[in-house]
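Scroll down for the structure; my scribbles are underneath it.
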Amino acid sequence: MICGQKKEMIAMLLAGGQGSRLGILTQDVAKPAVPFGGKYRIIDFPLSNCTNSGIDTIGVLTQYRPLELNAHIGSGQPWDLDRLYGGVFILPPYMGGKGGEWYSGTANAIYQNMNFIDLYNPQYVLILSGDHVYKMNYDLMLDFHKHKNADCTIAVIKVPWEEASRFGVMNADEDSRIFEFEEKPQEPKSNLASMGVYIFRWKKLKEYLIKDEEDENSDNDFGKNLIPQMLKACEKLYAYEFKGYWKDVGTIASLWEANMDILDPNVPIELDDPPWRIYSRSSNMPPQYIGENAVLSNSSIADGCNVEGKVENSILFPGVTVGKDAVVSNSILMPGVSVSEDALIEYAIVAENARICKSARVGEWKKPEIGKQHREITVIGGSVTIGERAVVPAGTTIDESIIEEVGE
Amino acid sequence: MSILGIVFSYSERENLRELTRLRTIASLPMAGKYRIIDFLISNFVNDDIYDIAVIARDNYHSLMDHLGAGMEWDLIRKRGGLRVLTPYAKSESGRDGLYRGSVEALSNNMHSFRRSMGDLVIMAEASILYSIDFNHLAKTHLNSNADITAVYTKQLNGHPTVPMGVAVMHFNENNRLYDLNINKDDMSAQDVCWSIGVFVIKKSLLMSLVADAMAFGKYDFLEDIIKRLSNRLDIQGYEYKGHLLEVSSVAGYMKANMNFLNANFRNRAFHRPIYTKSKDSVPARYCKGCCVKNSIISDGCRIEGTVINSVISRNVFIGKDSIVKNSVIMQNTEIMQGVSLDNVILDKDVIVRENRQLSGHETYPVVVEKASII
């Protein structure tokens, strides 16, 4: 028998999404397992936030390509989530006596795991998603939720008005009570975007999950169905404004930007924050070695790297090698990437274990187009080899090895 | 045959001055993010030996803190696992104080060895770093039917002399040990077989030898068991031919660290993973205007100044216009602006304030004690 000690609040982390806008980066891994920030994976942020907020029971709902995610989470020990009562649980879709089904939506995923939640009989359930980078104390949000005696509290963040139409926007009164929710509105009435972080009273959520499941026309999605239903029924929904760094890393451009934010002292995402550490599984690699001819500037370099060339404004994950006379600038090199002598990498994301051979040129910027300030990011897929002297033009995505020289 | 690893975390022969005033030699930082004992314990674990007892004698606070329950070495095991054996304040004999020798240390911890499921013991000590195939060693021992197998080496990786205090062993034409003496001066290293402190012995034999020696008031394993009983016991030699680092003096410690700057040495040393306590530090940050040449840098560092030919441990800050050369910097150290360090060993938690200059020599590095402010 599983001993489910009663918990005040447990977290359910939605980690089943593919993150298709990340293209080849999520070909083999779920989006929450995508490497981020020099040694982390995206899911380390919500997991560490939970641990640092005193939440010790988390269900991680997986569906798409869960292998790396499962291996990464393991027993949960790196996040202090290997607990006697509670801890981290991987919850994939399962078969039952009357058959089974895939998770058809975010709400359905929670619906299918109601018995897991009931095991801990919590008063509150925190719903998280595994695709954002932020440091947040969920305990403060719970205080707010209790103070307002809310049925549901939705964390929101002020976004620039011109971007508001990309998000789910909350319209709330001066008491922060939400009276309207608009998914990606053309003309937003507010700039408070939903962060995809919800606290529900479990009894209330359960009631709506069951109702939502009975509705055949529902997409079983929190934002699209469940929240609007609750609003319609005049339940007490409140918006909790989060002030701090929060970034959706759903696209190649935003993933690149969020990584670069770490190198920018003016952006408030300080990872070197002892009271609020971000934990991750250790790579068990030796310390990095910086060679005689290396030139480094404004970069973050992880364990196991071996740098002989020039690295500027870049992030090197564990086990990356950069050969002599190679130049890496404004790029993200994921674990195990090797860059040989004299190669050039600019404005690129190079996925795990890719090999950039001698004198190859990746993402080289030839003639800046007039009026086009924004630089396209070049992406090299995992385990891809870019052959000697091959040229990968800026802004392209390469998912197959290039052995021969490519024409200009 | 299952193996029990016994590690002595202290060394009788070391003279590491301030470096071991507050810690035992096994927990001395090495190669940036490691402690000396990490190499030995990882060696055992990489050879599938998951039953390890660490004998602590004194100043073992940092050792306990580092090893914890052995999680990072995968040594939280139901069968075997890691045990750190600290001395009893009052021993069975009713005697207080430090162990009178390695035999007494073994004797006082016999209850733990008895409980271990291992029937073959590999003993090792922490002042010499090497990478050895323990399984091959054990197999050789069993095949030779020897009572004890003693591991020796002949060369010393660049050292012209045999280190002080190690046992020089003499073997006859049948590779059987007939004499042993402790090296007391700078002996030439050529063709001398000296012990790297590793012995293989059946647990039951070790137990009876230790009990006998204790009964006669003999307390030193080398002198009173290996040497005294060499005519009765078949003690076979096993040559270790790989690289090793010897740490018993401050200069030796410095040199051992500098060895890791050599690519060949590094590739060999890290051929198999070396495990250590995880600190959850961020990756190292290299700021605009920094300059780093031929150095080892660990995670959590923030480098604004210049680092040349140095080994830098975790969470070290090196400020603008500072130059750190030929130095070993331990963790959580803060080097402010305009500082110049050459041939210096900074222990943990040191703060070096603006514009300070410290310079030692390769043969006599300046050692700055833990938590000093300069």
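In the structure tokens, chains take the letters A, B, ... in the order shown, each chain's residues start at 1, and ligands count up from 1 in the order shown.
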
Residues of chain A within 7 Å of chain B, using only C-alpha atoms, as a PDB file with C-alpha atoms, in the first residue's frame?
```pdb
ATOM      1  CA  GLY A  38      24.670  26.005 -19.337  1.00  0.00           C
ATOM      2  CA  LYS A  39      23.886  22.969 -17.202  1.00  0.00           C
ATOM      3  CA  LEU A 271      21.126  31.846 -11.372  1.00  0.00           C
ATOM      4  CA  ASP A 272      23.941  32.198  -8.852  1.00  0.00           C
ATOM      5  CA  TYR A 279      19.165  22.140  -8.940  1.00  0.00           C
ATOM      6  CA  SER A 282      25.182  16.425 -12.006  1.00  0.00           C
ATOM      7  CA  ASN A 284      30.040  14.053 -13.120  1.00  0.00           C
ATOM      8  CA  MET A 285      32.574  15.602 -15.413  1.00  0.00           C
ATOM      9  CA  PRO A 286      36.009  16.931 -14.491  1.00  0.00           C
ATOM     10  CA  PRO A 287      36.449  20.681 -14.155  1.00  0.00           C
ATOM     11  CA  GLN A 288      36.914  22.622 -17.359  1.00  0.00           C
ATOM     12  CA  TYR A 289      40.326  23.194 -18.871  1.00  0.00           C
ATOM     13  CA  ILE A 290      41.132  26.483 -20.587  1.00  0.00           C
ATOM     14  CA  GLY A 291      44.095  26.194 -22.927  1.00  0.00           C
ATOM     15  CA  GLU A 292      47.102  28.325 -23.676  1.00  0.00           C
ATOM     16  CA  ASN A 293      45.536  30.095 -26.683  1.00  0.00           C
ATOM     17  CA  ALA A 294      41.988  30.470 -25.470  1.00  0.00           C
ATOM     18  CA  VAL A 295      40.304  33.856 -25.593  1.00  0.00           C
ATOM     19  CA  LEU A 296      37.181  34.162 -23.480  1.00  0.00           C
ATOM     20  CA  SER A 297      34.701  36.941 -23.061  1.00  0.00           C
ATOM     21  CA  ASN A 298      31.286  37.207 -21.442  1.00  0.00           C
ATOM     22  CA  SER A 299      30.553  33.498 -21.522  1.00  0.00           C
ATOM     23  CA  SER A 300      29.278  30.747 -19.302  1.00  0.00           C
ATOM     24  CA  ILE A 301      31.243  27.501 -19.480  1.00  0.00           C
ATOM     25  CA  ALA A 302      30.359  24.272 -17.708  1.00  0.00           C
ATOM     26  CA  ASP A 303      32.277  21.300 -16.317  1.00  0.00           C
TER      27      ASP A 303
END
```

Contacts of Gly130 in chain A within 7 Å, only C-alpha atoms, excl. fewer than 4 positions in-chain, as a JSON list (two decimals) with N, CA and C atoms, in the first residue's frame:
```
[["chain", "number", "residue", "atom", "x", "y", "z"],
["A", 13, "LEU", "N", 2.86, 18.72, -12.55],
["A", 13, "LEU", "CA", 3.67, 19.41, -13.55],
["A", 13, "LEU", "C", 3.38, 18.81, -14.93],
["A", 14, "LEU", "N", 2.85, 19.62, -15.81],
["A", 14, "LEU", "CA", 2.49, 19.14, -17.14],
["A", 14, "LEU", "C", 3.73, 19.13, -18.02],
["A", 15, "ALA", "N", 4.24, 17.93, -18.29],
["A", 15, "ALA", "CA", 5.50, 17.84, -19.03],
["A", 15, "ALA", "C", 5.36, 16.95, -20.25],
["A", 32, "PRO", "N", 10.29, 19.96, -21.89],
["A", 32, "PRO", "CA", 10.86, 20.22, -20.56],
["A", 32, "PRO", "C", 12.27, 19.66, -20.38],
["A", 42, "ILE", "N", 15.01, 22.62, -18.88],
["A", 42, "ILE", "CA", 13.95, 23.58, -18.55],
["A", 42, "ILE", "C", 13.17, 23.13, -17.31],
["A", 43, "ILE", "N", 12.93, 21.82, -17.19],
["A", 43, "ILE", "CA", 12.12, 21.33, -16.07],
["A", 43, "ILE", "C", 12.79, 21.57, -14.71],
["A", 46, "PRO", "N", 10.85, 24.67, -12.72],
["A", 46, "PRO", "CA", 9.69, 24.41, -11.85],
["A", 46, "PRO", "C", 9.99, 23.42, -10.72]]
```

Leaving out range 121-134 of chain B and any residue of its chain fewer than 2 positions from it, which residues lie within 6 Å of it when counting only C-alpha atoms, given as a PDB file with N, CA, C and O atoms, in the first residue's frame?
```
ATOM      1  N   ILE B   3      34.813  -8.144  -2.229  1.00  0.00           N
ATOM      2  CA  ILE B   3      35.937  -7.368  -1.736  1.00  0.00           C
ATOM      3  C   ILE B   3      35.470  -6.258  -0.805  1.00  0.00           C
ATOM      4  O   ILE B   3      34.475  -5.585  -1.072  1.00  0.00           O
ATOM      5  N   LEU B   4      36.214  -6.094   0.280  1.00  0.00           N
ATOM      6  CA  LEU B   4      36.003  -4.975   1.184  1.00  0.00           C
ATOM      7  C   LEU B   4      37.176  -4.012   1.023  1.00  0.00           C
ATOM      8  O   LEU B   4      38.331  -4.418   1.121  1.00  0.00           O
ATOM      9  N   GLY B   5      36.883  -2.760   0.742  1.00  0.00           N
ATOM     10  CA  GLY B   5      37.946  -1.757   0.638  1.00  0.00           C
ATOM     11  C   GLY B   5      38.114  -1.048   1.974  1.00  0.00           C
ATOM     12  O   GLY B   5      37.127  -0.592   2.565  1.00  0.00           O
ATOM     13  N   ILE B   6      39.345  -0.994   2.460  1.00  0.00           N
ATOM     14  CA  ILE B   6      39.611  -0.250   3.698  1.00  0.00           C
ATOM     15  C   ILE B   6      40.545   0.907   3.349  1.00  0.00           C
ATOM     16  O   ILE B   6      41.620   0.695   2.797  1.00  0.00           O
ATOM     17  N   VAL B   7      40.110   2.110   3.654  1.00  0.00           N
ATOM     18  CA  VAL B   7      40.881   3.294   3.289  1.00  0.00           C
ATOM     19  C   VAL B   7      41.330   4.016   4.555  1.00  0.00           C
ATOM     20  O   VAL B   7      40.499   4.343   5.413  1.00  0.00           O
ATOM     21  N   PHE B   8      42.626   4.243   4.673  1.00  0.00           N
ATOM     22  CA  PHE B   8      43.121   5.080   5.769  1.00  0.00           C
ATOM     23  C   PHE B   8      43.053   6.535   5.317  1.00  0.00           C
ATOM     24  O   PHE B   8      43.673   6.910   4.329  1.00  0.00           O
ATOM     25  N   SER B   9      42.300   7.341   6.038  1.00  0.00           N
ATOM     26  CA  SER B   9      42.085   8.714   5.578  1.00  0.00           C
ATOM     27  C   SER B   9      43.181   9.655   6.058  1.00  0.00           C
ATOM     28  O   SER B   9      43.195  10.814   5.729  1.00  0.00           O
ATOM     29  N   ALA B  26      42.959  13.081   3.476  1.00  0.00           N
ATOM     30  CA  ALA B  26      42.011  12.559   2.486  1.00  0.00           C
ATOM     31  C   ALA B  26      41.034  13.616   2.010  1.00  0.00           C
ATOM     32  O   ALA B  26      40.511  13.536   0.905  1.00  0.00           O
ATOM     33  N   HIS B 136      41.956  -6.774 -11.194  1.00  0.00           N
ATOM     34  CA  HIS B 136      43.118  -7.512 -11.665  1.00  0.00           C
ATOM     35  C   HIS B 136      44.045  -7.816 -10.494  1.00  0.00           C
ATOM     36  O   HIS B 136      44.601  -8.907 -10.376  1.00  0.00           O
ATOM     37  N   LEU B 137      44.189  -6.838  -9.603  1.00  0.00           N
ATOM     38  CA  LEU B 137      45.021  -7.013  -8.421  1.00  0.00           C
ATOM     39  C   LEU B 137      44.492  -8.169  -7.562  1.00  0.00           C
ATOM     40  O   LEU B 137      45.250  -9.051  -7.139  1.00  0.00           O
ATOM     41  N   GLY B 197      51.150   1.764  -0.547  1.00  0.00           N
ATOM     42  CA  GLY B 197      50.198   1.669   0.568  1.00  0.00           C
ATOM     43  C   GLY B 197      49.021   0.758   0.307  1.00  0.00           C
ATOM     44  O   GLY B 197      48.052   0.756   1.066  1.00  0.00           O
ATOM     45  N   VAL B 198      49.099  -0.035  -0.768  1.00  0.00           N
ATOM     46  CA  VAL B 198      47.986  -0.922  -1.090  1.00  0.00           C
ATOM     47  C   VAL B 198      48.371  -2.362  -0.779  1.00  0.00           C
ATOM     48  O   VAL B 198      49.424  -2.835  -1.219  1.00  0.00           O
ATOM     49  N   PHE B 199      47.532  -3.039  -0.002  1.00  0.00           N
ATOM     50  CA  PHE B 199      47.771  -4.431   0.350  1.00  0.00           C
ATOM     51  C   PHE B 199      46.491  -5.227   0.141  1.00  0.00           C
ATOM     52  O   PHE B 199      45.402  -4.721   0.384  1.00  0.00           O
ATOM     53  N   VAL B 200      46.654  -6.482  -0.319  1.00  0.00           N
ATOM     54  CA  VAL B 200      45.497  -7.364  -0.462  1.00  0.00           C
ATOM     55  C   VAL B 200      45.696  -8.534   0.489  1.00  0.00           C
ATOM     56  O   VAL B 200      46.783  -9.124   0.553  1.00  0.00           O
ATOM     57  N   ILE B 201      44.670  -8.852   1.229  1.00  0.00           N
ATOM     58  CA  ILE B 201      44.778  -9.910   2.237  1.00  0.00           C
ATOM     59  C   ILE B 201      43.386 -10.455   2.523  1.00  0.00           C
ATOM     60  O   ILE B 201      42.405  -9.719   2.438  1.00  0.00           O
ATOM     61  N   LYS B 202      43.330 -11.741   2.808  1.00  0.00           N
ATOM     62  CA  LYS B 202      42.044 -12.334   3.178  1.00  0.00           C
ATOM     63  C   LYS B 202      41.592 -11.723   4.490  1.00  0.00           C
ATOM     64  O   LYS B 202      42.396 -11.507   5.392  1.00  0.00           O
ATOM     65  N   LYS B 203      40.309 -11.480   4.622  1.00  0.00           N
ATOM     66  CA  LYS B 203      39.833 -10.807   5.822  1.00  0.00           C
ATOM     67  C   LYS B 203      40.127 -11.635   7.078  1.00  0.00           C
ATOM     68  O   LYS B 203      40.562 -11.105   8.097  1.00  0.00           O
ATOM     69  N   LEU B 244      51.349   8.108 -10.935  1.00  0.00           N
ATOM     70  CA  LEU B 244      50.845   8.399  -9.604  1.00  0.00           C
ATOM     71  C   LEU B 244      51.293   9.766  -9.159  1.00  0.00           C
ATOM     72  O   LEU B 244      52.241  10.354  -9.667  1.00  0.00           O
ATOM     73  N   LEU B 245      50.548  10.279  -8.207  1.00  0.00           N
ATOM     74  CA  LEU B 245      50.885  11.559  -7.606  1.00  0.00           C
ATOM     75  C   LEU B 245      51.066  11.307  -6.121  1.00  0.00           C
ATOM     76  O   LEU B 245      50.296  10.582  -5.516  1.00  0.00           O
ATOM     77  N   GLU B 246      52.099  11.940  -5.587  1.00  0.00           N
ATOM     78  CA  GLU B 246      52.386  11.708  -4.185  1.00  0.00           C
ATOM     79  C   GLU B 246      52.212  13.031  -3.464  1.00  0.00           C
ATOM     80  O   GLU B 246      52.744  14.054  -3.879  1.00  0.00           O
ATOM     81  N   VAL B 247      51.419  13.016  -2.434  1.00  0.00           N
ATOM     82  CA  VAL B 247      51.133  14.253  -1.713  1.00  0.00           C
ATOM     83  C   VAL B 247      51.529  14.083  -0.257  1.00  0.00           C
ATOM     84  O   VAL B 247      50.819  13.456   0.518  1.00  0.00           O
TER      85      VAL B 247
END
```

Sel. of helix (DSSP H, G or I) residues, range 75-313 of chain B, as a PyMOL selection string: chain B and resi 102-108+110-115+134-144+203-215+221-227+250-259+263-269

Can you pull out the residues contacting Lys135 in chain A? Cut-off 9 Å, using only C-alpha atoms, and skip same-chain residues under 4 positions away; I want them as a VMD selection string. chain A and resid 45 to 46 48 to 49 244 to 246 269 271 276 278

Go through range 10-253 of chain B and collect every residue that DSSP, computed from the backbone, puts in strand (DSSP E); the answer should be as JSON, numbers by chain. {"B": [29, 30, 34, 35, 51, 52, 53, 54, 55, 81, 82, 83, 84, 85, 120, 121, 122, 123, 124, 125, 128, 129, 130, 148, 149, 150, 151, 152, 153, 167, 168, 169, 170, 171, 177, 178, 179, 180, 181, 182, 193, 194, 195, 196, 197, 198, 199, 200, 201, 202, 235, 236, 237, 238, 239, 244, 245, 246]}
